[in-house]
Structures are given as structure tokens and as C-alpha cells.
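Just below is one structure, and these are the notes that go with it.
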Amino acid sequence: MEDQNFKFIKPGEIRTRIAPSPTGFFHIGVARTALFNHLFAKKYQGTFILRIEDTDVERSKPEYEKDIVESLKWLGIEWDEGPDIGGQYGPYRQSRREEIYQRYLEKLLSEDRAYYCFCSEEELEAQRQYQMSIGEPPRYSGKCAQLSKEEVKKYKAEGKKPVIRFRIPARKVEFDDLIRGKIEFDASLIGDIVIAKDLSTPLYNFACVVDDFEMRVSHVIRGEEHISNTPKQILIQKALNFPRPKYAHLPLILGPDRSKLSKRHGAISINQYQKSGYLPETLINFMVFLGWNPGTEREIYSLASLVKEFSIERCQKGGAVFNIKRLDFLNGFYIRQKSIDRLTELCLPYLIESGLIEGKNNPEPLKLPLKEKAQFKIRETGKEISLETLKKIISIYQERLKKLSEISELTDFFFKEKLEYDKELLRWREMTDKEIKHSLDKSRKILYKIRGEEFNKENLERILLPEAEKFAKEIKKPAGPPAGEAGDRGYILWPLRVALTGKKASAGPFEIAEILGKEKVLKRIKKARNKL
RNA sequence: GACCCCAUCGUCUAGUGGUUAGGACUUUAGGUUUUCAUCCUAACAACCGGGGUUCGACUCCCCGUGGGGUCGCCA
């Protein structure tokens with residue numbers, strides 16, 4: 001009766017699983033459960049299993065399966081048993097395990113632990129409504145519980161489609177939760193549950209129990225929403241003589257309104273986080289702290305270091321509100337940790353996606369890791385742009401980036417010929433148009449004199465800064481805030497920076513000027529001047 | 001409604017009978033800075049309520065209150 005696939009399991013081995021259903025995109029709640037299962041298993045050199053729960057044929061879709069697998073891979077959460085890379089699901093997809101369920105279903109039926117039920121859904125629904133209205137827990141009445149074999153045969157012959165119900169015994173069920181301690185239920189309040197639509201269509205509570213046994217799952221670590229399923233599953237286990245795994249129910253991830261995180265709280269699929277430019281290490285670090293902490297003040301962990309530190313005892317009981325500000329902070333932090341080469345690789349797809357640049361031999365796809373020879377061109381002009389230059393551009397925005405996707409908006413002025421901005425943006429404090437012109441002329445004059453090959457950040461800074469201070473003194477604005485000892489360099493630097501970028505916030509003018517090059521810089525200053 | 005779970009700053013949390021209740025994010029103020037960001041410094045900010053137990057409760061117990069989850073021929 002036992003599944004041959006699992007006969008080599010070492011006794012006492014820790015085996016955990018994540019069992020998502022491919023009925024929607026892989027979201028942060030499931031990902032976090034996967035993470036905890038993975039960490040727990042790996043900490044004890046155990047096995048982490050990925051099982052696809054696709055018993056709901058109506059709603060299960062191949063694209064969602066793909067999404068589960070890809071999201072897990074992207075996050076770096078590897079599974080030891082489960083779908084293979086090539087899409088071989090082996091015994092890990094429930095829709096491939098029909099005969100197994102059928103065997104156990106027949107066993108339950110033949111031992112009268114389960115029975116056929118012919119009640120209509122309308123009938124059942126009306127019953128539930130009534131029971132709730134009189135303050136009783138809604139549960140199955142037991143109408144079909146004592147049907148004779150003849151009656152069953154007769155109904156079937158009439159073409160009625162029965163479901164299979166499991167007899168829930170009227171007794172107390174208790175279990176020890178690794179996180180919450182003892183939890184007790186009165187099973188008499190549950191009522192006989194449907195465990196299969198028919199012999200080949202098992203339902204969750206049943207399929208889950210069978211699979212967890214067959215796959216020798218030692219620890220069931222899952223979300224709190226499953227606490228009320230646990231007594232049902234335990235009762236099915238008992239009827240089938242299965243050993244009981246250990247249970248740990250994780251606190252829920254909550255939305256800002258403190259209800260279970262769901263679609264209405266906004267973007268939640270892992271895929272979407274990836275697309276908007278979050279790093280996998282950000283998500284990992286963020287998720288693990290939603291319901292767990294190491295008990296120290298250390299807050300930055302890699303997946304590998306978590307494997308060492310993780311402990312189920314340190315899991316939180318209360319639900320945790322999902323805090324996107326913290327996610328952004330962490331992402332910025334991890335972005336700042338990246339080497340410039342790596343960050344460039346990560347940002348390039350966004351630059352290409354937004355149509356700012358493209359591969360020189362368009363449309364060749366981006367190959368990683370990038371070779372020094374990789375060539376790109378600016379989409380608008382068709383002019384070549386070196387990888388070296390792209391790296392420089394990205395490097396001056398590294399500390400300003402919260403999400404990779406922001407790179408395009410931040411740096412577009414490097415790739416555009418015409419800058420669109422209001423002339424008012426050129427005004428620093430209370431400068432008059434005339435003063436702005438004067439300021440730009442001055443910058444232009446100074447920059448003009450610097451030779452092309454010396455047009456770099458250091459030289460620009462060395463030459464322009466003293467001039468900016470001098471200029472501030474000339475302007476001598478009595479009304480404005482105190483200019484400080486050095487004088488307010490903004491009278492020169494602000495109009496210059498805006499002229500180059502067309503933005504009210506950007507990296508510094510010297511580093512930008514160096515990347516842009518002398519010719520473009522002078523041209524942009526002239527254009528800015530002509531706006532006034 | 002019934003059953004179950006939970007409860008420390010706005011948020012994530014440390015704390016396991018005696019602490020100035022700690023850290024991080026956020027926010028605010030300052031410093032660095034032409035801007036933005038980074039970085040540095042500082043500040044604001046919490047034990048749900050009531051009873052016990054105890055010399056002493058954030059910590060243990062009980063009762064409230066509040067929040068959440070579940071109650072499918074979904075998982």
C-alpha cells in the first residue's frame with residue numbers, strides 16, 4: 001500500500017512541505033510559509049518538499065503552477081523533492097495521485113468510516129443558514145449517514161451523484177502546536193465532512209492527510225487559517241492508522257486594516273515584487289521577520305545565515321501587519337550592498353524595457369553575466385553607449401534607488417535629447433530671470449574653457465566650486481536664509497544642475513556633467529538659457 | 001452566531017517576577033550637502049481594562065474588552 005517513492009527515507013528525518021494550489025499567483029503568504037518550512041528542514045539537514053495541490057480541476061491552471069515554481073526559484077528557496085526543472089511533476093502533483101487516494105477512499109468506505117451522501121447543495125445551504133440563525137454551529141445533519149446499501153444503489157441507479165463523507169466521531173481532539181501549545185477542539189461540533197466528490201476527486205482535508213503520510217511529512221508548518229482544519233485531519237489520520245505529524249501554525253500576514261492579507265490590499269504576488277524591482281534577498285529578509293526574530297538586534301540575514309539561526313520556538317503568535325515602508329527600506333539597503341557590475345546587470349532590463357536603450361544588435365536579449373564587450377545604443381539617437389558609461393550612470397544613482405524599476409525615471413535625461421521642464425525649475429531661491437541667465441552664462445563660460453579630456457568630476461568640482469562661492473557673494477541676497485560661511489553655491493549649481501537634468505532632484509551636477517560630456521553640457525546650458 | 005487563535009511604541013519586534021521597558025522602520029529636528037538620496041546625531045512614541053497570586057507584576061492565573069481566523073462538493 002505504501003508509495004515506493006518514499007521507502008528510502010531515513011528514520012527520524014525532518015521532512016517539511018509547502019503545498020500550494022495553482023489557483024492563483026504565488027503570493028507573499030505562501031512564500032513565507034515556504035520559507036519557514038525550508039528553513040526548518042534545512043536547519044536539521046532534513047528534506048523540503050514542494051507538492052502541487054491541484055485537486056480543484058476547475059480552478060487549477062498550468063500558468064499558476066509555473067508561477068509557483070518560478071517564484072520559489074527566484075527567491076532561492078530550493079526544494080529537495082517536487083517538480084523537476086523540466087516540468088516533470090513525478091508523484092508531487094495531486095492530480096497524478098488519483099489511484100492512491102482512491103485506495104484509501106475505498107478503505108474508508110468499506111470500513112464504514114465514510115459513506116455516500118446524496119444531499120443537494122441547496123438543501124445543505126438552507127440547513128447551514130437555519131443552524132446559524134438559532135445559534136448552533138453549522139454542521140451536516142447526518143441525513144445520509146445510515147443509508148442502506150440498497151438505498152445507495154437505488155439512488156445511484158437513478159443517476160444521482162453522491163459525495164463521500166467522513167464520519168466525524170463525537171469526541172474531543174487535542175494536539176500540541178509547536179508555536180501555540182495545546183489546542184483543543186470538540187469534534188462533535190464539526191459534523192461529517194465531505195472528503196471527496198467521487199472516488200477520483202478527493203478534497204483538500206483528505207488528500208492532504210494522505211499525501212502527508214505517503215510523503216512521510218514529519219512537520220506540518222502552515223498558516224494559522226488551518227488551525228480549524230487540524231482536528232479534521234487528525235481524525236482522518238486516526239481512521240487510516242497514520243502517525244500524527246507535528247504541527248506548527250504560523251501567524252497570519254495582515255493588511256493595514258489587520259485582516260488577512262489579500263488581493264484587496266494591493267500587489268501581493270511574488271512575481272509583481274520581482275517586476276517592480278525588489279530583490280529576492282529583500283523579500284527573504286522581510287518575510288522571515290514577519291512572525292520570527294532571532295532574539296538579538298541583528299536584522300540583516302541572508303537565506304544561508306537564516307538556516308543556521310532559525311528556530312520554530314522563536315516564532316510569534318500574533319499576526320503581523322505587512323509594512324511596505326520597511327520593505328522599501330530593506331530593498332534600498334540591499335541595492336546599496338550590490339557591486340556596481342551586478343547592479344548594472346539588474347538595472348539594464350528596466351532601461352531596455354522602458355525604451356531608453358537597446359542592445360546594439362537589437363533585438364538580442366540581455367545575457368547575464370554581462371561581458372565587457374556588451375554593447376548598447378541609445379534608442380532615440382541610435383548612438384552607441386558603452387557599458388562603462390552605463391555603469392557610471394547607474395553607480396551615481398545606487399544610493400538613491402529604492403526599487404530597480406525606478407532607474408529609468410531617474411536617469412532618463414542621459415538618454416534623451418530634449419528635456420521637458422518648466423523654466424521656473426531653474427530658479428534657485430529668489431533669483432530673478434536675469435540672475436539665472438547670468439548664472440548659466442557664467443557656468444557656460446567656465447566650462448567652455450575646460451578641455452574635453454579634462455572634463456571630469458574632480459576637475460569640474462575643483463574649478464566650479466570656488467567660482468560658485470564667488471558668485472554667491474556677488475549676488476548677495478539680503479532677504480534669503482543665511483548663506484553660510486562658504487556662501488550659497490546654489491546660485492550657480494542649482495540652475496546648472498536643472499539645465500543638465502530638467503529635474504528638481506538628481507545626482508550632483510559634476511558627476512552628471514562628466515558623464516554627459518562637454519559638448520552636451522554646453523548645449524543644455526544654452527537651451528536652458530533660451531527658456532528665459 | 002458557534003468554535004478556535006491572538007494582544008508591548010503607528011508598524012515589525014526584544015523582554016520569560018525587580019529594566020531609565022531595548023532595537024529597527026516610519027515621523028520630526030539638527031549636522032554633512034546646490035537639490036534629492038546616502039551617512040551621522042537627537043527627539044517623539046508602547047506594556048488593552050479589571051481582578052487576583054506575590055514583598056514586587058509587561059511578565060503567572062482568572063474574567064472582560066478588542067482584533068483576527070474558520071465554519072464549502074476551495075485550498
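By convention here, the chains of the C-alpha cells are called A, B, ... in the order presented, each chain's residues are numbered starting at 1, and ligands are numbered starting at 1 in the order presented.
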
Could you give me, as CSV, every chain A residue with an atom at most 6 Å from chain B, plus its closest atom pair and distance in Å to one decimal, counting only C-alpha atoms (C1' of nucleotides), rows ordered by chain then number?
```
residue,atom,partner,partner_atom,distance
A:Met132,CA,B:G1,C1',5.7
A:Gly135,CA,B:G1,C1',5.0
A:Glu136,CA,B:A2,C1',5.8
A:Pro137,CA,B:A2,C1',4.5
A:Lys197,CA,B:C73,C1',5.6
A:Glu225,CA,B:G69,C1',5.4
A:Ser228,CA,B:U70,C1',5.8
A:Glu297,CA,B:G23,C1',5.8
A:Gly318,CA,B:C6,C1',5.1
A:Arg326,CA,B:C25,C1',5.0
A:Glu399,CA,B:U38,C1',5.7
A:Arg400,CA,B:A37,C1',4.5
A:Arg489,CA,B:U34,C1',5.7
A:Gly490,CA,B:U34,C1',3.9
A:Leu493,CA,B:U34,C1',4.9
A:Trp494,CA,B:U34,C1',5.0
A:Ala505,CA,B:C36,C1',4.3
A:Ser506,CA,B:C36,C1',5.5
```

Output N, CA and C atoms for every residue in that selection, as a PDB file, in the first residue's frame.
```pdb
ATOM      1  N   MET A 132     -27.239  28.419  11.880  1.00  0.00           N
ATOM      2  CA  MET A 132     -26.592  29.648  12.342  1.00  0.00           C
ATOM      3  C   MET A 132     -27.609  30.592  12.954  1.00  0.00           C
ATOM      4  N   GLY A 135     -28.202  29.874  16.474  1.00  0.00           N
ATOM      5  CA  GLY A 135     -27.013  29.907  17.326  1.00  0.00           C
ATOM      6  C   GLY A 135     -26.272  28.588  17.423  1.00  0.00           C
ATOM      7  N   GLU A 136     -26.589  27.675  16.531  1.00  0.00           N
ATOM      8  CA  GLU A 136     -25.872  26.407  16.549  1.00  0.00           C
ATOM      9  C   GLU A 136     -24.726  26.436  15.549  1.00  0.00           C
ATOM     10  N   PRO A 137     -23.670  25.662  15.828  1.00  0.00           N
ATOM     11  CA  PRO A 137     -22.607  25.595  14.826  1.00  0.00           C
ATOM     12  C   PRO A 137     -23.135  24.878  13.590  1.00  0.00           C
ATOM     13  N   LYS A 197     -15.389  14.308  -3.872  1.00  0.00           N
ATOM     14  CA  LYS A 197     -16.592  14.477  -4.696  1.00  0.00           C
ATOM     15  C   LYS A 197     -17.002  13.126  -5.277  1.00  0.00           C
ATOM     16  N   GLU A 225      -4.668  29.972   9.440  1.00  0.00           N
ATOM     17  CA  GLU A 225      -6.009  29.701   8.928  1.00  0.00           C
ATOM     18  C   GLU A 225      -6.313  28.214   8.878  1.00  0.00           C
ATOM     19  N   SER A 228      -8.228  25.324  12.286  1.00  0.00           N
ATOM     20  CA  SER A 228      -9.519  24.642  12.399  1.00  0.00           C
ATOM     21  C   SER A 228      -9.633  23.431  11.470  1.00  0.00           C
ATOM     22  N   GLU A 297      19.762  41.814  18.212  1.00  0.00           N
ATOM     23  CA  GLU A 297      19.437  43.032  17.491  1.00  0.00           C
ATOM     24  C   GLU A 297      19.856  42.990  16.029  1.00  0.00           C
ATOM     25  N   GLY A 318       1.088  36.232  17.335  1.00  0.00           N
ATOM     26  CA  GLY A 318       0.157  37.236  16.805  1.00  0.00           C
ATOM     27  C   GLY A 318       0.419  37.552  15.342  1.00  0.00           C
ATOM     28  N   ARG A 326       8.919  49.401   5.292  1.00  0.00           N
ATOM     29  CA  ARG A 326      10.072  48.637   5.726  1.00  0.00           C
ATOM     30  C   ARG A 326      10.656  47.809   4.582  1.00  0.00           C
ATOM     31  N   GLU A 399      22.682  54.899  -4.535  1.00  0.00           N
ATOM     32  CA  GLU A 399      22.181  55.182  -3.189  1.00  0.00           C
ATOM     33  C   GLU A 399      20.820  55.873  -3.186  1.00  0.00           C
ATOM     34  N   ARG A 400      20.335  56.201  -4.378  1.00  0.00           N
ATOM     35  CA  ARG A 400      19.023  56.831  -4.468  1.00  0.00           C
ATOM     36  C   ARG A 400      17.921  55.858  -4.840  1.00  0.00           C
ATOM     37  N   ARG A 489      26.295  78.163  -2.686  1.00  0.00           N
ATOM     38  CA  ARG A 489      26.723  77.705  -4.011  1.00  0.00           C
ATOM     39  C   ARG A 489      25.550  77.421  -4.942  1.00  0.00           C
ATOM     40  N   GLY A 490      24.378  77.371  -4.368  1.00  0.00           N
ATOM     41  CA  GLY A 490      23.191  77.038  -5.138  1.00  0.00           C
ATOM     42  C   GLY A 490      22.902  77.996  -6.271  1.00  0.00           C
ATOM     43  N   LEU A 493      25.087  76.354  -8.829  1.00  0.00           N
ATOM     44  CA  LEU A 493      24.932  74.904  -9.010  1.00  0.00           C
ATOM     45  C   LEU A 493      23.501  74.441  -9.304  1.00  0.00           C
ATOM     46  N   TRP A 494      22.533  75.113  -8.699  1.00  0.00           N
ATOM     47  CA  TRP A 494      21.153  74.691  -8.933  1.00  0.00           C
ATOM     48  C   TRP A 494      20.727  74.909 -10.389  1.00  0.00           C
ATOM     49  N   ALA A 505      15.189  66.972  -8.519  1.00  0.00           N
ATOM     50  CA  ALA A 505      16.092  66.183  -7.694  1.00  0.00           C
ATOM     51  C   ALA A 505      16.909  65.268  -8.594  1.00  0.00           C
ATOM     52  N   SER A 506      18.173  65.167  -8.290  1.00  0.00           N
ATOM     53  CA  SER A 506      19.033  64.295  -9.101  1.00  0.00           C
ATOM     54  C   SER A 506      20.350  64.099  -8.380  1.00  0.00           C
TER      55      SER A 506
END
```

**OP:** Give me the residues within 10 Å of A:Lys520 as a list in words, counting only C-alpha atoms (C1' of nucleotides) and dropping any in the same chain fewer than 4 places off.
**Re:** Phe414, Glu417, Leu500, Ala513, Ile515, Leu516, Arg524, Ile525 and Lys526 of chain A

**OP:** Write out as number ranges by chain all residues of stretch 86-300 of chain A that DSSP puts in strand (DSSP E) for this structure's backbone.
**Re:** A: 114-117, 163-166, 172-177, 181-186, 193-198, 201-202, 219-223, 246-250, 253-254

Original post:
What's the 6 Å shell around stretch 273-284 of chain A, counting only C-alpha atoms (C1' of nucleotides), without same-chain residues fewer than 6 positions away, as a list in words?
Top reply: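 Selected residues are Leu75, Leu330, Asn331, Lys403, Leu404 and Ser405 of chain A.
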
Subject >> Point-to-point distance from atom CA of A:Lys161 to atom CA of A:Thr23, Å rounded to tenths >> reply: 25.2 Å

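Each of A:Cys144, A:Ala239, A:Cys208, A:Val30 was checked against A:Leu108 using only C-alpha atoms; the smallest atom-to-atom distance is that of A:Ala239.
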
Original post:
Can you tell me, as a PyMOL selection string, what residues are no more than 12 Å from stretch 147-158 of chain A when counting only C-alpha atoms (C1' of nucleotides), ignoring any on the same chain fewer than 5 positions away?
Top reply: chain A and resi 109-110+112+114-119+142+163-164

Residue subset to file, keeping N, CA and C atoms, as a PDB file, in the first residue's frame:
```
ATOM      1  N   LEU A 109     -14.510   3.641   3.021  1.00  0.00           N
ATOM      2  CA  LEU A 109     -15.890   3.272   2.682  1.00  0.00           C
ATOM      3  C   LEU A 109     -16.209   1.854   3.156  1.00  0.00           C
ATOM      4  N   SER A 110     -15.260   0.955   2.896  1.00  0.00           N
ATOM      5  CA  SER A 110     -15.517  -0.448   3.228  1.00  0.00           C
ATOM      6  C   SER A 110     -15.537  -0.655   4.740  1.00  0.00           C
ATOM      7  N   ASP A 112     -16.728   1.490   6.715  1.00  0.00           N
ATOM      8  CA  ASP A 112     -17.832   2.340   7.174  1.00  0.00           C
ATOM      9  C   ASP A 112     -17.357   3.559   7.985  1.00  0.00           C
ATOM     10  N   ALA A 114     -16.588   6.089   6.245  1.00  0.00           N
ATOM     11  CA  ALA A 114     -17.077   7.101   5.322  1.00  0.00           C
ATOM     12  C   ALA A 114     -18.316   6.554   4.629  1.00  0.00           C
ATOM     13  N   TYR A 115     -19.132   7.451   4.106  1.00  0.00           N
ATOM     14  CA  TYR A 115     -20.359   6.986   3.449  1.00  0.00           C
ATOM     15  C   TYR A 115     -20.744   7.936   2.321  1.00  0.00           C
ATOM     16  N   TYR A 116     -21.627   7.429   1.463  1.00  0.00           N
ATOM     17  CA  TYR A 116     -22.118   8.254   0.360  1.00  0.00           C
ATOM     18  C   TYR A 116     -23.236   9.163   0.849  1.00  0.00           C
ATOM     19  N   CYS A 117     -23.202  10.388   0.342  1.00  0.00           N
ATOM     20  CA  CYS A 117     -24.224  11.355   0.736  1.00  0.00           C
ATOM     21  C   CYS A 117     -24.853  11.940  -0.529  1.00  0.00           C
ATOM     22  N   PHE A 118     -26.194  11.934  -0.547  1.00  0.00           N
ATOM     23  CA  PHE A 118     -26.914  12.376  -1.749  1.00  0.00           C
ATOM     24  C   PHE A 118     -27.596  13.729  -1.573  1.00  0.00           C
ATOM     25  N   CYS A 119     -27.313  14.379  -0.465  1.00  0.00           N
ATOM     26  CA  CYS A 119     -27.980  15.655  -0.202  1.00  0.00           C
ATOM     27  C   CYS A 119     -27.577  16.693  -1.255  1.00  0.00           C
ATOM     28  N   GLY A 142     -26.423  14.585   9.110  1.00  0.00           N
ATOM     29  CA  GLY A 142     -26.275  13.141   9.188  1.00  0.00           C
ATOM     30  C   GLY A 142     -27.402  12.416   8.465  1.00  0.00           C
ATOM     31  N   VAL A 163     -21.624  12.403  -2.919  1.00  0.00           N
ATOM     32  CA  VAL A 163     -20.279  12.761  -2.473  1.00  0.00           C
ATOM     33  C   VAL A 163     -19.906  11.811  -1.346  1.00  0.00           C
ATOM     34  N   ILE A 164     -18.653  11.829  -0.951  1.00  0.00           N
ATOM     35  CA  ILE A 164     -18.237  10.915   0.110  1.00  0.00           C
ATOM     36  C   ILE A 164     -17.973  11.698   1.391  1.00  0.00           C
TER      37      ILE A 164
END
```

**OP:** Find the distance between atom CA of A:Leu290 and atom CA of A:Ile28 and write it in Å to one decimal.
**Re:**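 For atom CA of A:Leu290 relative to atom CA of A:Ile28, the distance reads 10.7 Å.
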
**OP:** Once DSSP has gone over the backbone, tell me which residues of stretch 176-238 of chain A are in helix (DSSP H, G or I), as a PyMOL selection string.
**Re:** chain A and resi 187-189+204-214+224-238

Subject >> Near-A:Lys416 list (10 Å; only C-alpha atoms (C1' of nucleotides); drop same-chain fewer than 3 positions) as a PyMOL selection string >> reply: chain A and resi 356+378-381+411-413+419-420+501

Hey, can you spit out that residue selection with N, CA and C atoms as a short mmCIF file (atom, residue, chain, number, x, y, z; two decimals), in the first residue's frame?
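Saved as result04.cif:
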```cif
data_model
loop_
_atom_site.label_atom_id
_atom_site.label_comp_id
_atom_site.auth_asym_id
_atom_site.auth_seq_id
_atom_site.Cartn_x
_atom_site.Cartn_y
_atom_site.Cartn_z
N LEU A 356 14.59 53.20 -23.30
CA LEU A 356 15.64 54.21 -23.27
C LEU A 356 16.86 53.75 -24.06
N ILE A 378 21.66 54.07 -27.61
CA ILE A 378 20.56 54.87 -27.13
C ILE A 378 19.44 54.79 -28.15
N ARG A 379 18.28 54.45 -27.67
CA ARG A 379 17.15 54.20 -28.57
C ARG A 379 16.84 55.42 -29.45
N GLU A 380 16.78 56.59 -28.80
CA GLU A 380 16.33 57.79 -29.50
C GLU A 380 17.28 58.21 -30.62
N THR A 381 18.58 58.17 -30.36
CA THR A 381 19.54 58.68 -31.34
C THR A 381 20.23 57.58 -32.12
N THR A 411 17.08 58.32 -14.48
CA THR A 411 18.24 58.58 -15.35
C THR A 411 17.87 58.88 -16.80
N ASP A 412 16.58 59.05 -17.09
CA ASP A 412 16.17 59.20 -18.48
C ASP A 412 16.85 60.36 -19.20
N PHE A 413 17.23 61.40 -18.47
CA PHE A 413 17.82 62.58 -19.11
C PHE A 413 19.17 62.29 -19.76
N LEU A 419 14.94 67.90 -23.18
CA LEU A 419 14.47 67.84 -21.80
C LEU A 419 13.22 68.69 -21.65
N GLU A 420 12.21 68.11 -21.05
CA GLU A 420 10.97 68.86 -20.84
C GLU A 420 10.91 69.30 -19.39
N THR A 501 19.66 68.29 -16.17
CA THR A 501 18.78 67.16 -15.88
C THR A 501 17.30 67.43 -16.16
#
```

Subject >> Contacts of A:Ala34 at 8 Å (only C-alpha atoms (C1' of nucleotides); same-chain gap of 5+ positions) as a ChimeraX atom specification >> reply: /A:17-18,77

Using the selection just defined, write its residues with N, CA and C atoms as a PDB file, in the first residue's frame.
```pdb
ATOM      1  N   ARG A  17       6.973  20.416   4.059  1.00  0.00           N
ATOM      2  CA  ARG A  17       6.478  20.613   2.689  1.00  0.00           C
ATOM      3  C   ARG A  17       5.755  21.949   2.580  1.00  0.00           C
ATOM      4  N   ILE A  18       5.710  22.428   1.356  1.00  0.00           N
ATOM      5  CA  ILE A  18       4.826  23.531   1.043  1.00  0.00           C
ATOM      6  C   ILE A  18       3.867  22.975   0.001  1.00  0.00           C
ATOM      7  N   ILE A  77      14.520  29.712  -2.776  1.00  0.00           N
ATOM      8  CA  ILE A  77      14.051  28.671  -1.858  1.00  0.00           C
ATOM      9  C   ILE A  77      13.987  27.366  -2.635  1.00  0.00           C
TER      10      ILE A  77
END
```

**OP:** Grab the atom CA of A:Thr33 to atom CA of A:Glu214 distance for me, in Å with one decimal place.
**Re:**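 The value is 20.9 Å.
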
Original post:
Near A:Phe36, within 12 Å and counting only C-alpha atoms (C1' of nucleotides), which residues show up once chain neighbours fewer than 6 positions away are dropped, as a PyMOL selection string?
Top reply: chain A and resi 16-18+29-30+42-43+48+77+219-223+248-251+284-285+287-292+303+306-307+309-315

For C-alpha atoms, I'd like the residues from the last selection saved as a PDB file, in the first residue's frame.
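result26.pdb, written as the output of this step:
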```pdb
ATOM      1  CA  THR A  16       8.505  19.506   5.647  1.00  0.00           C
ATOM      2  CA  ARG A  17       6.478  20.613   2.689  1.00  0.00           C
ATOM      3  CA  ILE A  18       4.826  23.531   1.043  1.00  0.00           C
ATOM      4  CA  GLY A  29       1.758  34.470   2.383  1.00  0.00           C
ATOM      5  CA  VAL A  30       2.553  31.161   0.724  1.00  0.00           C
ATOM      6  CA  LYS A  42      17.447  22.688   6.286  1.00  0.00           C
ATOM      7  CA  LYS A  43      18.395  23.561   9.817  1.00  0.00           C
ATOM      8  CA  PHE A  48      11.823  20.197   1.966  1.00  0.00           C
ATOM      9  CA  ILE A  77      14.051  28.671  -1.858  1.00  0.00           C
ATOM     10  CA  HIS A 219       6.296  18.580  10.466  1.00  0.00           C
ATOM     11  CA  VAL A 220       3.333  20.437   9.090  1.00  0.00           C
ATOM     12  CA  ILE A 221       4.169  24.123   9.196  1.00  0.00           C
ATOM     13  CA  ARG A 222       1.407  26.264   7.759  1.00  0.00           C
ATOM     14  CA  GLY A 223      -0.688  29.373   8.258  1.00  0.00           C
ATOM     15  CA  ALA A 248       3.131  24.444  13.837  1.00  0.00           C
ATOM     16  CA  HIS A 249       0.734  27.187  12.865  1.00  0.00           C
ATOM     17  CA  LEU A 250       2.308  30.423  11.775  1.00  0.00           C
ATOM     18  CA  PRO A 251       0.685  33.773  12.468  1.00  0.00           C
ATOM     19  CA  ILE A 284      13.518  36.800   2.229  1.00  0.00           C
ATOM     20  CA  ASN A 285      14.750  39.106   4.947  1.00  0.00           C
ATOM     21  CA  MET A 287       9.293  37.743   5.220  1.00  0.00           C
ATOM     22  CA  VAL A 288      11.233  35.965   7.884  1.00  0.00           C
ATOM     23  CA  PHE A 289      10.795  38.868  10.274  1.00  0.00           C
ATOM     24  CA  LEU A 290       7.054  38.671   9.781  1.00  0.00           C
ATOM     25  CA  GLY A 291       6.498  36.310  12.645  1.00  0.00           C
ATOM     26  CA  TRP A 292      10.001  35.435  13.676  1.00  0.00           C
ATOM     27  CA  LEU A 303      18.948  32.842   3.394  1.00  0.00           C
ATOM     28  CA  LEU A 306      18.858  32.109   8.429  1.00  0.00           C
ATOM     29  CA  VAL A 307      19.183  28.369   8.069  1.00  0.00           C
ATOM     30  CA  GLU A 309      19.689  30.883  13.158  1.00  0.00           C
ATOM     31  CA  PHE A 310      16.113  29.860  12.578  1.00  0.00           C
ATOM     32  CA  SER A 311      14.123  28.213  15.315  1.00  0.00           C
ATOM     33  CA  ILE A 312      10.461  27.417  15.415  1.00  0.00           C
ATOM     34  CA  GLU A 313      10.254  28.270  19.114  1.00  0.00           C
ATOM     35  CA  ARG A 314      11.030  31.880  18.344  1.00  0.00           C
ATOM     36  CA  CYS A 315       8.013  32.238  16.100  1.00  0.00           C
TER      37      CYS A 315
END
```

Original post:
Counting only C-alpha atoms, which of A:Ala19, A:Leu327, A:Ile195, A:Leu465 gets nearest to A:Gln102?
Top reply: A:Ile195

Original post:
Which residue out of A:Phe376, A:Tyr247, A:Tyr350, A:Tyr104 has the minimum interatomic distance to A:Ser408 when only C-alpha atoms are used?
Top reply: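 When distances to A:Ser408 are compared using only C-alpha atoms, the smallest one comes from A:Tyr350.
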